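Q: Structure provided below as structure tokens; questions to follow.
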Amino acid sequence: MHFIRTFLLLALLLIVQAGVAQSSIDSATTKSWAAEFGKPAKAYHPETWFHLIGGNVAKKGLTADLRAIKSAGLRGIQLFHGRGGKWPGVSPQMQTLSPPWDDLISFVGQETERLDLDFTMQNCPGWAMSGGPWITPEVAMRHLIWSRQDIRGGRELVVDIATPQPSEEPWRDYRDVAVLAFPTPNGDTGQRLTPEKVNSNRLELPWEALLAGENGASVEVPVSDTLTYLEVSFAEPVPLRSLALPPVESLLKRRNFDPASSIRLEA
């Protein structure tokens, strides 16, 4: 009982002390915190990406953009540059990594310093990787490809495994990684599923060519409020273990992405 009384006494003392401390904080610093929250220091302001893509880039436009960023209360920029398409009616076209382009990068750095903006940039052009003439194949990011060969087991075999494609061009720097052997799942032939019948409310689209894997076949569904459906039927029951689809964002194109969009699979 002595231990319990001591523990309760200590707990009460801690509560009282915490209450005193909270009271002193509320009275002494609330106004200060409100002022800081209403007008935070520059270190807490957000930055923005600053894209220099394509040939339509000029110093006058860069200065105007940076002034707008400054007036919006942003702290600075992270410059992102990459090769874009040609802009009609624009001369000269600014090519990425050319001497005029390098001059524009230096100009952006000088303007951000003049406007008291932070300036950072990505290491080199590239959407999801490091690219440039200094990136040689042996140090580049790798693309994992594979080939498949079905064999009947239960005996000793010598098998020549096909080299995955594409890999024939010297610049691809193909290297073997691993050979995986495992029992074939029931019903998995390695061949494309060929439906007996295809039905859709958009039969004008090349669904059958896409499902047959024809080279270059693709389907672009128009963006609308109308539900688009594709129904495939098979002569016999087909085991379907997985279905791979691009992200919804890619299916609808980024500029038209609707978070409420969805894909439903029924079998």
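Numbering starts fresh at 1 for the residues of each chain in the structure tokens, the chains themselves are lettered A, B, ... in the order given, and ligands are numbered from 1 as they appear.
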Could you give me, as a JSON list (two decimals) with all heavy atoms, in the first residue's frame, each residue of range 18-216 of chain A that DSSP assigns to strand (DSSP E or B) when run on this structure's backbone?
A:
```json
[["chain", "number", "residue", "atom", "x", "y", "z"],
["A", 47, "GLU", "N", 7.89, 25.46, -51.86],
["A", 47, "GLU", "CA", 8.55, 25.72, -53.14],
["A", 47, "GLU", "C", 7.68, 25.14, -54.26],
["A", 47, "GLU", "O", 6.68, 24.47, -53.99],
["A", 47, "GLU", "CB", 9.94, 25.08, -53.18],
["A", 47, "GLU", "CG", 10.93, 25.68, -52.21],
["A", 47, "GLU", "CD", 12.33, 25.09, -52.36],
["A", 47, "GLU", "OE1", 12.48, 24.11, -53.13],
["A", 47, "GLU", "OE2", 13.26, 25.60, -51.72],
["A", 48, "THR", "N", 8.06, 25.39, -55.49],
["A", 48, "THR", "CA", 7.32, 24.86, -56.62],
["A", 48, "THR", "C", 8.28, 24.35, -57.68],
["A", 48, "THR", "O", 9.42, 24.81, -57.77],
["A", 48, "THR", "CB", 6.40, 25.93, -57.24],
["A", 48, "THR", "OG1", 5.66, 25.35, -58.32],
["A", 48, "THR", "CG2", 7.22, 27.09, -57.80],
["A", 49, "TRP", "N", 7.80, 23.37, -58.45],
["A", 49, "TRP", "CA", 8.56, 22.95, -59.63],
["A", 49, "TRP", "C", 8.52, 24.06, -60.67],
["A", 49, "TRP", "O", 7.53, 24.74, -60.84],
["A", 49, "TRP", "CB", 7.97, 21.66, -60.20],
["A", 49, "TRP", "CG", 8.52, 20.43, -59.56],
["A", 49, "TRP", "CD1", 9.16, 20.35, -58.36],
["A", 49, "TRP", "CD2", 8.48, 19.11, -60.08],
["A", 49, "TRP", "NE1", 9.51, 19.06, -58.10],
["A", 49, "TRP", "CE2", 9.10, 18.28, -59.14],
["A", 49, "TRP", "CE3", 7.96, 18.55, -61.24],
["A", 49, "TRP", "CZ2", 9.24, 16.91, -59.33],
["A", 49, "TRP", "CZ3", 8.09, 17.19, -61.43],
["A", 49, "TRP", "CH2", 8.72, 16.38, -60.49],
["A", 50, "PHE", "N", 9.61, 24.19, -61.39],
["A", 50, "PHE", "CA", 9.75, 25.23, -62.41],
["A", 50, "PHE", "C", 10.21, 24.53, -63.69],
["A", 50, "PHE", "O", 11.37, 24.18, -63.83],
["A", 50, "PHE", "CB", 10.77, 26.26, -61.94],
["A", 50, "PHE", "CG", 10.79, 27.54, -62.75],
["A", 50, "PHE", "CD1", 9.75, 28.43, -62.67],
["A", 50, "PHE", "CD2", 11.86, 27.83, -63.59],
["A", 50, "PHE", "CE1", 9.77, 29.63, -63.39],
["A", 50, "PHE", "CE2", 11.89, 29.01, -64.30],
["A", 50, "PHE", "CZ", 10.84, 29.92, -64.21],
["A", 51, "HIS", "N", 9.28, 24.31, -64.62],
["A", 51, "HIS", "CA", 9.55, 23.48, -65.79],
["A", 51, "HIS", "C", 10.09, 24.32, -66.95],
["A", 51, "HIS", "O", 9.46, 25.30, -67.36],
["A", 51, "HIS", "CB", 8.28, 22.77, -66.24],
["A", 51, "HIS", "CG", 7.85, 21.69, -65.31],
["A", 51, "HIS", "ND1", 7.84, 20.37, -65.66],
["A", 51, "HIS", "CD2", 7.43, 21.72, -64.03],
["A", 51, "HIS", "CE1", 7.42, 19.63, -64.65],
["A", 51, "HIS", "NE2", 7.16, 20.45, -63.65],
["A", 52, "LEU", "N", 11.23, 23.91, -67.47],
["A", 52, "LEU", "CA", 11.76, 24.47, -68.71],
["A", 52, "LEU", "C", 11.81, 23.32, -69.72],
["A", 52, "LEU", "O", 12.79, 22.60, -69.83],
["A", 52, "LEU", "CB", 13.16, 25.06, -68.52],
["A", 52, "LEU", "CG", 13.22, 26.55, -68.12],
["A", 52, "LEU", "CD1", 12.62, 26.75, -66.75],
["A", 52, "LEU", "CD2", 14.66, 27.04, -68.15],
["A", 53, "ILE", "N", 10.73, 23.11, -70.44],
["A", 53, "ILE", "CA", 10.62, 21.98, -71.36],
["A", 53, "ILE", "C", 10.23, 22.50, -72.73],
["A", 53, "ILE", "O", 9.30, 23.29, -72.86],
["A", 53, "ILE", "CB", 9.59, 20.95, -70.86],
["A", 53, "ILE", "CG1", 10.04, 20.39, -69.51],
["A", 53, "ILE", "CG2", 9.39, 19.83, -71.86],
["A", 53, "ILE", "CD1", 9.07, 19.40, -68.90],
["A", 76, "GLY", "N", 10.76, 29.36, -53.22],
["A", 76, "GLY", "CA", 11.74, 29.17, -54.27],
["A", 76, "GLY", "C", 11.26, 28.16, -55.28],
["A", 76, "GLY", "O", 10.09, 27.79, -55.32],
["A", 77, "ILE", "N", 12.18, 27.68, -56.09],
["A", 77, "ILE", "CA", 11.85, 26.78, -57.18],
["A", 77, "ILE", "C", 12.78, 25.57, -57.18],
["A", 77, "ILE", "O", 13.89, 25.62, -56.65],
["A", 77, "ILE", "CB", 11.93, 27.47, -58.55],
["A", 77, "ILE", "CG1", 13.39, 27.92, -58.83],
["A", 77, "ILE", "CG2", 11.00, 28.66, -58.64],
["A", 77, "ILE", "CD1", 13.66, 28.33, -60.25],
["A", 78, "GLN", "N", 12.30, 24.50, -57.78],
["A", 78, "GLN", "CA", 13.16, 23.39, -58.19],
["A", 78, "GLN", "C", 13.03, 23.26, -59.69],
["A", 78, "GLN", "O", 11.98, 22.91, -60.21],
["A", 78, "GLN", "CB", 12.78, 22.07, -57.51],
["A", 78, "GLN", "CG", 13.65, 20.93, -57.99],
["A", 78, "GLN", "CD", 13.55, 19.70, -57.11],
["A", 78, "GLN", "OE1", 13.12, 19.77, -55.97],
["A", 78, "GLN", "NE2", 13.96, 18.57, -57.64],
["A", 79, "LEU", "N", 14.08, 23.59, -60.38],
["A", 79, "LEU", "CA", 14.04, 23.64, -61.84],
["A", 79, "LEU", "C", 14.06, 22.23, -62.41],
["A", 79, "LEU", "O", 14.86, 21.39, -62.01],
["A", 79, "LEU", "CB", 15.22, 24.46, -62.37],
["A", 79, "LEU", "CG", 15.19, 24.77, -63.86],
["A", 79, "LEU", "CD1", 15.72, 26.18, -64.10],
["A", 79, "LEU", "CD2", 16.02, 23.78, -64.66],
["A", 80, "PHE", "N", 13.15, 21.99, -63.34],
["A", 80, "PHE", "CA", 13.05, 20.70, -64.01],
["A", 80, "PHE", "C", 13.12, 20.98, -65.50],
["A", 80, "PHE", "O", 12.33, 21.74, -66.04],
["A", 80, "PHE", "CB", 11.72, 20.04, -63.66],
["A", 80, "PHE", "CG", 11.54, 18.66, -64.24],
["A", 80, "PHE", "CD1", 11.75, 17.55, -63.44],
["A", 80, "PHE", "CD2", 11.18, 18.48, -65.55],
["A", 80, "PHE", "CE1", 11.58, 16.27, -63.97],
["A", 80, "PHE", "CE2", 11.01, 17.22, -66.08],
["A", 80, "PHE", "CZ", 11.22, 16.11, -65.29],
["A", 81, "HIS", "N", 14.11, 20.42, -66.19],
["A", 81, "HIS", "CA", 14.24, 20.69, -67.61],
["A", 81, "HIS", "C", 14.27, 19.39, -68.40],
["A", 81, "HIS", "O", 14.69, 18.35, -67.91],
["A", 81, "HIS", "CB", 15.50, 21.51, -67.91],
["A", 81, "HIS", "CG", 16.78, 20.89, -67.43],
["A", 81, "HIS", "ND1", 17.13, 20.86, -66.10],
["A", 81, "HIS", "CD2", 17.78, 20.27, -68.10],
["A", 81, "HIS", "CE1", 18.30, 20.27, -65.96],
["A", 81, "HIS", "NE2", 18.71, 19.89, -67.16],
["A", 82, "GLY", "N", 13.79, 19.44, -69.61],
["A", 82, "GLY", "CA", 13.75, 18.26, -70.46],
["A", 82, "GLY", "C", 13.47, 18.64, -71.90],
["A", 82, "GLY", "O", 13.01, 19.75, -72.19],
["A", 118, "ASP", "N", 14.88, 30.69, -53.27],
["A", 118, "ASP", "CA", 15.77, 29.53, -53.24],
["A", 118, "ASP", "C", 15.79, 28.87, -54.62],
["A", 118, "ASP", "O", 14.76, 28.82, -55.31],
["A", 118, "ASP", "CB", 15.30, 28.52, -52.20],
["A", 118, "ASP", "CG", 15.46, 29.04, -50.79],
["A", 118, "ASP", "OD1", 16.18, 30.04, -50.61],
["A", 118, "ASP", "OD2", 14.86, 28.46, -49.86],
["A", 119, "PHE", "N", 16.94, 28.36, -55.01],
["A", 119, "PHE", "CA", 17.08, 27.74, -56.33],
["A", 119, "PHE", "C", 17.72, 26.37, -56.19],
["A", 119, "PHE", "O", 18.83, 26.24, -55.70],
["A", 119, "PHE", "CB", 17.95, 28.62, -57.24],
["A", 119, "PHE", "CG", 18.29, 27.97, -58.56],
["A", 119, "PHE", "CD1", 17.30, 27.68, -59.47],
["A", 119, "PHE", "CD2", 19.60, 27.66, -58.88],
["A", 119, "PHE", "CE1", 17.61, 27.09, -60.70],
["A", 119, "PHE", "CE2", 19.93, 27.07, -60.09],
["A", 119, "PHE", "CZ", 18.92, 26.78, -61.00],
["A", 120, "THR", "N", 16.96, 25.34, -56.59],
["A", 120, "THR", "CA", 17.51, 23.99, -56.70],
["A", 120, "THR", "C", 17.07, 23.43, -58.05],
["A", 120, "THR", "O", 16.18, 23.97, -58.70],
["A", 120, "THR", "CB", 17.00, 23.08, -55.57],
["A", 120, "THR", "OG1", 15.56, 23.06, -55.60],
["A", 120, "THR", "CG2", 17.47, 23.55, -54.22],
["A", 121, "MET", "N", 17.71, 22.36, -58.48],
["A", 121, "MET", "CA", 17.35, 21.76, -59.76],
["A", 121, "MET", "C", 17.65, 20.28, -59.73],
["A", 121, "MET", "O", 18.46, 19.81, -58.92],
["A", 121, "MET", "CB", 18.09, 22.43, -60.92],
["A", 121, "MET", "CG", 19.60, 22.30, -60.86],
["A", 121, "MET", "SD", 20.43, 23.20, -62.19],
["A", 121, "MET", "CE", 19.94, 22.23, -63.61],
["A", 197, "LYS", "N", -15.93, -14.37, -78.21],
["A", 197, "LYS", "CA", -16.78, -13.25, -78.59],
["A", 197, "LYS", "C", -16.37, -12.01, -77.82],
["A", 197, "LYS", "O", -16.01, -12.08, -76.64],
["A", 197, "LYS", "CB", -18.25, -13.59, -78.31],
["A", 197, "LYS", "CG", -19.24, -12.52, -78.74],
["A", 197, "LYS", "CD", -20.66, -12.96, -78.43],
["A", 197, "LYS", "CE", -21.66, -11.88, -78.82],
["A", 197, "LYS", "NZ", -23.06, -12.28, -78.50],
["A", 198, "VAL", "N", -16.40, -10.86, -78.49],
["A", 198, "VAL", "CA", -16.10, -9.58, -77.87],
["A", 198, "VAL", "C", -17.30, -8.66, -78.07],
["A", 198, "VAL", "O", -17.81, -8.52, -79.19],
["A", 198, "VAL", "CB", -14.84, -8.93, -78.49],
["A", 198, "VAL", "CG1", -14.62, -7.54, -77.91],
["A", 198, "VAL", "CG2", -13.63, -9.80, -78.24],
["A", 199, "ASN", "N", -17.75, -8.05, -76.98],
["A", 199, "ASN", "CA", -18.89, -7.13, -77.06],
["A", 199, "ASN", "C", -18.56, -5.87, -76.28],
["A", 199, "ASN", "O", -17.90, -5.92, -75.24],
["A", 199, "ASN", "CB", -20.16, -7.78, -76.50],
["A", 199, "ASN", "CG", -21.38, -6.90, -76.73],
["A", 199, "ASN", "OD1", -21.44, -6.15, -77.70],
["A", 199, "ASN", "ND2", -22.35, -7.00, -75.83],
["A", 200, "SER", "N", -19.00, -4.74, -76.78],
["A", 200, "SER", "CA", -18.73, -3.46, -76.13],
["A", 200, "SER", "C", -19.72, -2.43, -76.64],
["A", 200, "SER", "O", -20.30, -2.58, -77.72],
["A", 200, "SER", "CB", -17.30, -2.99, -76.43],
["A", 200, "SER", "OG", -17.07, -1.68, -75.92]]
```
Q: Counting only C-alpha atoms, which residues of range 100-176 of chain A sit at most 12 Å from some atom of range 55-65 of chain A, and what is each one's closest atom pair with its distance in Å to one decimal, listed by chain and rising residue number, as a tab-separated table?
A:
```
residue	atom	partner	partner_atom	distance
A:Pro100	CA	A:Ala58	CA	10.2
A:Trp101	CA	A:Val57	CA	8.8
A:Asp102	CA	A:Val57	CA	11.9
A:Asp103	CA	A:Lys59	CA	9.7
A:Leu104	CA	A:Lys59	CA	6.9
A:Ile105	CA	A:Lys59	CA	9.8
A:Ser106	CA	A:Lys59	CA	10.6
A:Phe107	CA	A:Lys59	CA	7.4
A:Val108	CA	A:Leu62	CA	7.1
A:Gly109	CA	A:Leu62	CA	10.7
A:Gln110	CA	A:Thr63	CA	10.2
A:Glu111	CA	A:Thr63	CA	6.9
A:Thr112	CA	A:Thr63	CA	8.9
A:Glu113	CA	A:Thr63	CA	11.8
A:Arg114	CA	A:Thr63	CA	10.5
A:Leu115	CA	A:Thr63	CA	9.6
```
Q: Taking all heavy atoms for each residue, export the selection above as a CSV table (one decimal), in the first residue's frame.
A:
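Once written, part.csv looks like this:
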```csv
chain,number,residue,atom,x,y,z
A,100,PRO,N,23.1,27.9,-75.6
A,100,PRO,CA,22.1,28.9,-75.2
A,100,PRO,C,21.2,28.4,-74.0
A,100,PRO,O,20.8,29.2,-73.2
A,100,PRO,CB,21.2,29.0,-76.5
A,100,PRO,CG,22.1,28.6,-77.6
A,100,PRO,CD,23.0,27.5,-77.0
A,101,TRP,N,21.0,27.1,-74.0
A,101,TRP,CA,20.2,26.6,-72.8
A,101,TRP,C,20.9,26.7,-71.5
A,101,TRP,O,20.3,27.1,-70.5
A,101,TRP,CB,19.8,25.1,-73.1
A,101,TRP,CG,18.9,24.5,-72.1
A,101,TRP,CD1,19.2,23.9,-71.0
A,101,TRP,CD2,17.5,24.5,-72.2
A,101,TRP,NE1,18.1,23.4,-70.3
A,101,TRP,CE2,17.0,23.8,-71.0
A,101,TRP,CE3,16.6,24.9,-73.1
A,101,TRP,CZ2,15.7,23.6,-70.8
A,101,TRP,CZ3,15.2,24.7,-72.9
A,101,TRP,CH2,14.8,24.1,-71.7
A,102,ASP,N,22.2,26.4,-71.5
A,102,ASP,CA,23.0,26.6,-70.3
A,102,ASP,C,23.0,28.0,-69.9
A,102,ASP,O,23.0,28.3,-68.7
A,102,ASP,CB,24.4,26.1,-70.6
A,102,ASP,CG,24.6,24.6,-70.8
A,102,ASP,OD1,23.6,23.9,-70.4
A,102,ASP,OD2,25.6,24.2,-71.4
A,103,ASP,N,23.0,28.9,-70.8
A,103,ASP,CA,22.9,30.4,-70.5
A,103,ASP,C,21.6,30.7,-69.8
A,103,ASP,O,21.6,31.5,-68.8
A,103,ASP,CB,23.1,31.2,-71.7
A,103,ASP,CG,23.1,32.7,-71.4
A,103,ASP,OD1,23.9,33.2,-70.6
A,103,ASP,OD2,22.2,33.4,-72.0
A,104,LEU,N,20.5,30.1,-70.2
A,104,LEU,CA,19.2,30.3,-69.6
A,104,LEU,C,19.2,29.8,-68.2
A,104,LEU,O,18.6,30.4,-67.3
A,104,LEU,CB,18.1,29.7,-70.4
A,104,LEU,CG,17.8,30.4,-71.8
A,104,LEU,CD1,16.7,29.6,-72.5
A,104,LEU,CD2,17.3,31.8,-71.5
A,105,ILE,N,19.9,28.6,-68.0
A,105,ILE,CA,19.9,28.0,-66.6
A,105,ILE,C,20.7,29.0,-65.7
A,105,ILE,O,20.2,29.2,-64.5
A,105,ILE,CB,20.6,26.7,-66.6
A,105,ILE,CG1,19.8,25.7,-67.5
A,105,ILE,CG2,20.7,26.1,-65.2
A,105,ILE,CD1,18.4,25.4,-67.1
A,106,SER,N,21.8,29.5,-66.2
A,106,SER,CA,22.5,30.5,-65.4
A,106,SER,C,21.7,31.7,-65.1
A,106,SER,O,21.7,32.3,-64.0
A,106,SER,CB,23.8,30.9,-66.1
A,106,SER,OG,24.7,29.8,-66.3
A,107,PHE,N,20.9,32.2,-66.1
A,107,PHE,CA,20.0,33.3,-65.9
A,107,PHE,C,19.0,33.1,-64.8
A,107,PHE,O,18.7,34.0,-64.0
A,107,PHE,CB,19.4,33.7,-67.2
A,107,PHE,CG,18.4,34.8,-67.1
A,107,PHE,CD1,18.9,36.1,-67.1
A,107,PHE,CD2,17.1,34.6,-67.1
A,107,PHE,CE1,18.0,37.2,-67.0
A,107,PHE,CE2,16.2,35.7,-67.0
A,107,PHE,CZ,16.7,37.0,-67.0
A,108,VAL,N,18.4,31.9,-64.8
A,108,VAL,CA,17.4,31.6,-63.8
A,108,VAL,C,18.1,31.6,-62.4
A,108,VAL,O,17.5,32.2,-61.4
A,108,VAL,CB,16.8,30.2,-64.0
A,108,VAL,CG1,15.9,29.7,-62.9
A,108,VAL,CG2,16.0,30.2,-65.3
A,109,GLY,N,19.3,31.1,-62.3
A,109,GLY,CA,20.0,31.2,-61.0
A,109,GLY,C,20.2,32.6,-60.5
A,109,GLY,O,20.0,32.9,-59.4
A,110,GLN,N,20.6,33.5,-61.5
A,110,GLN,CA,20.8,34.9,-61.1
A,110,GLN,C,19.6,35.6,-60.7
A,110,GLN,O,19.5,36.4,-59.8
A,110,GLN,CB,21.5,35.6,-62.3
A,110,GLN,CG,22.9,35.1,-62.7
A,110,GLN,CD,23.3,35.5,-64.0
A,110,GLN,OE1,22.7,36.2,-64.7
A,110,GLN,NE2,24.5,35.0,-64.4
A,111,GLU,N,18.5,35.3,-61.5
A,111,GLU,CA,17.2,35.9,-61.2
A,111,GLU,C,16.6,35.5,-59.8
A,111,GLU,O,16.1,36.3,-59.1
A,111,GLU,CB,16.2,35.6,-62.3
A,111,GLU,CG,16.4,36.4,-63.5
A,111,GLU,CD,16.2,37.9,-63.4
A,111,GLU,OE1,17.1,38.6,-62.9
A,111,GLU,OE2,15.0,38.4,-63.6
A,112,THR,N,16.8,34.2,-59.5
A,112,THR,CA,16.3,33.8,-58.2
A,112,THR,C,17.1,34.4,-57.1
A,112,THR,O,16.5,34.8,-56.0
A,112,THR,CB,16.4,32.2,-58.1
A,112,THR,OG1,17.7,31.8,-58.4
A,112,THR,CG2,15.4,31.6,-59.0
A,113,GLU,N,18.4,34.6,-57.3
A,113,GLU,CA,19.2,35.3,-56.2
A,113,GLU,C,18.7,36.7,-56.1
A,113,GLU,O,18.6,37.3,-55.0
A,113,GLU,CB,20.7,35.2,-56.6
A,113,GLU,CG,21.6,35.8,-55.6
A,113,GLU,CD,23.0,35.6,-55.9
A,113,GLU,OE1,23.3,35.2,-57.1
A,113,GLU,OE2,23.9,35.9,-55.1
A,114,ARG,N,18.5,37.4,-57.2
A,114,ARG,CA,18.0,38.8,-57.2
A,114,ARG,C,16.7,39.0,-56.5
A,114,ARG,O,16.5,39.9,-55.8
A,114,ARG,CB,18.0,39.3,-58.6
A,114,ARG,CG,17.5,40.8,-58.7
A,114,ARG,CD,17.5,41.3,-60.1
A,114,ARG,NE,16.5,40.6,-60.9
A,114,ARG,CZ,15.2,41.1,-60.9
A,114,ARG,NH1,14.8,42.1,-60.2
A,114,ARG,NH2,14.3,40.5,-61.7
A,115,LEU,N,15.8,38.0,-56.7
A,115,LEU,CA,14.5,38.0,-56.1
A,115,LEU,C,14.4,37.4,-54.7
A,115,LEU,O,13.3,37.3,-54.2
A,115,LEU,CB,13.5,37.4,-57.0
A,115,LEU,CG,13.3,38.0,-58.4
A,115,LEU,CD1,12.5,37.2,-59.3
A,115,LEU,CD2,12.6,39.4,-58.2
```
Q: Taking the DSSP assignment computed from this structure's backbone, write out as a list in words all residues of range 71-261 of chain A that belong to alpha helix (DSSP H).
A: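 So, restricting range 71-261 of chain A to alpha helix (DSSP H), we get Ser71, Pro99, Pro100, Trp101, Asp102, Asp103, Leu104, Ile105, Ser106, Phe107, Val108, Gly109, Gln110, Glu111, Thr112, Glu113, Arg114, Trp207, Glu208, Ala209, Leu210, Leu211, Val248, Glu249, Ser250, Leu251 and Leu252 of chain A.
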Q: Mind checking which residues fall within 12 Å of Glu208 in chain A, counting only C-alpha atoms, ignoring those fewer than 6 positions away in the same chain, and posting them as a PyMOL selection string?
A: chain A and resi 193-200+202+214+217-219+230-232
Q: Could you write out that same residue set with all heavy atoms as a short mmCIF file (atom, residue, chain, number, x, y, z; two decimals), in the first residue's frame?
A:
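Okay, part_10.cif is ready:
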```
data_model
loop_
_atom_site.label_atom_id
_atom_site.label_comp_id
_atom_site.auth_asym_id
_atom_site.auth_seq_id
_atom_site.Cartn_x
_atom_site.Cartn_y
_atom_site.Cartn_z
N LEU A 193 -4.99 -15.27 -74.01
CA LEU A 193 -6.37 -15.71 -73.95
C LEU A 193 -7.11 -15.17 -75.17
O LEU A 193 -7.13 -13.95 -75.40
CB LEU A 193 -7.05 -15.22 -72.67
CG LEU A 193 -6.54 -15.82 -71.36
CD1 LEU A 193 -7.26 -15.17 -70.18
CD2 LEU A 193 -6.75 -17.32 -71.34
N THR A 194 -7.69 -16.05 -75.96
CA THR A 194 -8.41 -15.64 -77.17
C THR A 194 -9.90 -15.80 -76.94
O THR A 194 -10.41 -16.92 -76.91
CB THR A 194 -7.97 -16.47 -78.38
OG1 THR A 194 -6.55 -16.38 -78.53
CG2 THR A 194 -8.66 -15.97 -79.65
N PRO A 195 -10.61 -14.70 -76.73
CA PRO A 195 -12.05 -14.82 -76.47
C PRO A 195 -12.80 -15.27 -77.72
O PRO A 195 -12.41 -14.98 -78.85
CB PRO A 195 -12.45 -13.41 -76.04
CG PRO A 195 -11.42 -12.51 -76.63
CD PRO A 195 -10.15 -13.30 -76.67
N GLU A 196 -13.89 -16.00 -77.49
CA GLU A 196 -14.73 -16.43 -78.59
C GLU A 196 -15.58 -15.28 -79.12
O GLU A 196 -15.89 -15.20 -80.31
CB GLU A 196 -15.64 -17.57 -78.12
CG GLU A 196 -16.52 -18.17 -79.21
CD GLU A 196 -17.41 -19.27 -78.67
OE1 GLU A 196 -18.06 -19.04 -77.62
OE2 GLU A 196 -17.44 -20.36 -79.27
N LYS A 197 -15.93 -14.37 -78.21
CA LYS A 197 -16.78 -13.25 -78.59
C LYS A 197 -16.37 -12.01 -77.82
O LYS A 197 -16.01 -12.08 -76.64
CB LYS A 197 -18.25 -13.59 -78.31
CG LYS A 197 -19.24 -12.52 -78.74
CD LYS A 197 -20.66 -12.96 -78.43
CE LYS A 197 -21.66 -11.88 -78.82
NZ LYS A 197 -23.06 -12.28 -78.50
N VAL A 198 -16.40 -10.86 -78.49
CA VAL A 198 -16.10 -9.58 -77.87
C VAL A 198 -17.30 -8.66 -78.07
O VAL A 198 -17.81 -8.52 -79.19
CB VAL A 198 -14.84 -8.93 -78.49
CG1 VAL A 198 -14.62 -7.54 -77.91
CG2 VAL A 198 -13.63 -9.80 -78.24
N ASN A 199 -17.75 -8.05 -76.98
CA ASN A 199 -18.89 -7.13 -77.06
C ASN A 199 -18.56 -5.87 -76.28
O ASN A 199 -17.90 -5.92 -75.24
CB ASN A 199 -20.16 -7.78 -76.50
CG ASN A 199 -21.38 -6.90 -76.73
OD1 ASN A 199 -21.44 -6.15 -77.70
ND2 ASN A 199 -22.35 -7.00 -75.83
N SER A 200 -19.00 -4.74 -76.78
CA SER A 200 -18.73 -3.46 -76.13
C SER A 200 -19.72 -2.43 -76.64
O SER A 200 -20.30 -2.58 -77.72
CB SER A 200 -17.30 -2.99 -76.43
OG SER A 200 -17.07 -1.68 -75.92
N ARG A 202 -18.64 0.33 -77.39
CA ARG A 202 -17.77 1.09 -78.30
C ARG A 202 -17.08 0.10 -79.24
O ARG A 202 -15.86 -0.06 -79.23
CB ARG A 202 -16.74 1.90 -77.52
CG ARG A 202 -17.36 2.97 -76.62
CD ARG A 202 -16.29 3.88 -76.04
NE ARG A 202 -16.82 4.84 -75.12
CZ ARG A 202 -17.35 6.02 -75.46
NH1 ARG A 202 -17.42 6.36 -76.74
NH2 ARG A 202 -17.82 6.86 -74.55
N GLU A 214 -1.78 -7.74 -81.51
CA GLU A 214 -1.22 -7.26 -82.78
C GLU A 214 -0.27 -6.10 -82.53
O GLU A 214 -0.53 -5.24 -81.69
CB GLU A 214 -2.35 -6.85 -83.73
CG GLU A 214 -3.22 -8.00 -84.19
CD GLU A 214 -4.27 -7.56 -85.20
OE1 GLU A 214 -4.16 -6.41 -85.69
OE2 GLU A 214 -5.17 -8.36 -85.50
N ALA A 217 -1.16 -2.29 -81.80
CA ALA A 217 -2.59 -2.13 -81.50
C ALA A 217 -2.78 -1.42 -80.16
O ALA A 217 -2.11 -1.75 -79.18
CB ALA A 217 -3.29 -3.48 -81.49
N SER A 218 -3.68 -0.48 -80.13
CA SER A 218 -3.99 0.23 -78.88
C SER A 218 -5.42 0.73 -78.94
O SER A 218 -6.01 0.85 -80.02
CB SER A 218 -3.03 1.41 -78.66
OG SER A 218 -3.20 2.39 -79.68
N VAL A 219 -5.97 1.00 -77.78
CA VAL A 219 -7.34 1.48 -77.66
C VAL A 219 -7.32 2.76 -76.84
O VAL A 219 -6.77 2.78 -75.74
CB VAL A 219 -8.26 0.43 -77.01
CG1 VAL A 219 -9.60 1.05 -76.66
CG2 VAL A 219 -8.46 -0.76 -77.93
N LEU A 230 -16.44 -3.50 -71.74
CA LEU A 230 -15.90 -4.51 -72.66
C LEU A 230 -16.26 -5.87 -72.07
O LEU A 230 -15.93 -6.15 -70.92
CB LEU A 230 -14.39 -4.38 -72.79
CG LEU A 230 -13.69 -5.50 -73.56
CD1 LEU A 230 -14.11 -5.49 -75.03
CD2 LEU A 230 -12.17 -5.39 -73.45
N GLU A 231 -16.93 -6.69 -72.86
CA GLU A 231 -17.33 -8.02 -72.41
C GLU A 231 -16.68 -9.06 -73.32
O GLU A 231 -16.82 -9.00 -74.55
CB GLU A 231 -18.85 -8.15 -72.48
CG GLU A 231 -19.38 -9.49 -71.96
CD GLU A 231 -20.89 -9.58 -72.05
OE1 GLU A 231 -21.47 -8.94 -72.95
OE2 GLU A 231 -21.49 -10.28 -71.23
N VAL A 232 -15.94 -10.00 -72.73
CA VAL A 232 -15.30 -11.06 -73.50
C VAL A 232 -15.86 -12.40 -73.02
O VAL A 232 -16.04 -12.62 -71.82
CB VAL A 232 -13.76 -11.02 -73.36
CG1 VAL A 232 -13.20 -9.77 -74.00
CG2 VAL A 232 -13.34 -11.09 -71.90
#
```
Q: Could you list, as a compact mmCIF listing (two decimals) with C-alpha atoms, in the first residue's frame, every residue within 9 Å of range 238-244 of chain A, counting only C-alpha atoms and ignoring same-chain residues fewer than 4 positions away?
A:
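Listing of out25.txt after writing:
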```txt
# COMPACT_ATOMS: atom_id res chain seq x y z
CA ASN A 186 -2.65 -25.46 -63.86
CA GLY A 187 -4.12 -24.09 -67.09
CA ASP A 188 -1.25 -21.65 -67.73
CA LEU A 193 -6.37 -15.71 -73.95
CA PHE A 234 -14.89 -17.93 -73.93
```
Q: Just the residues within 12 Å of Asp160 in chain A, please, counting only C-alpha atoms, with nothing from its chain fewer than 4 positions along; format it as an MDAnalysis selection string.
A: chainID A and resid 147:151 179
Q: Please produce a file of those selected residues containing C-alpha atoms, as a JSON list (two decimals), in the first residue's frame.
A:
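Below you can see selection_4.json, which holds the result:
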```
[["chain", "number", "residue", "atom", "x", "y", "z"],
["A", 147, "SER", "CA", 11.65, -15.00, -72.07],
["A", 148, "ARG", "CA", 9.64, -18.12, -71.27],
["A", 149, "GLN", "CA", 10.12, -21.74, -72.26],
["A", 150, "ASP", "CA", 7.81, -24.60, -71.22],
["A", 151, "ILE", "CA", 9.44, -28.04, -70.91],
["A", 179, "VAL", "CA", 17.04, -18.52, -64.56]]
```
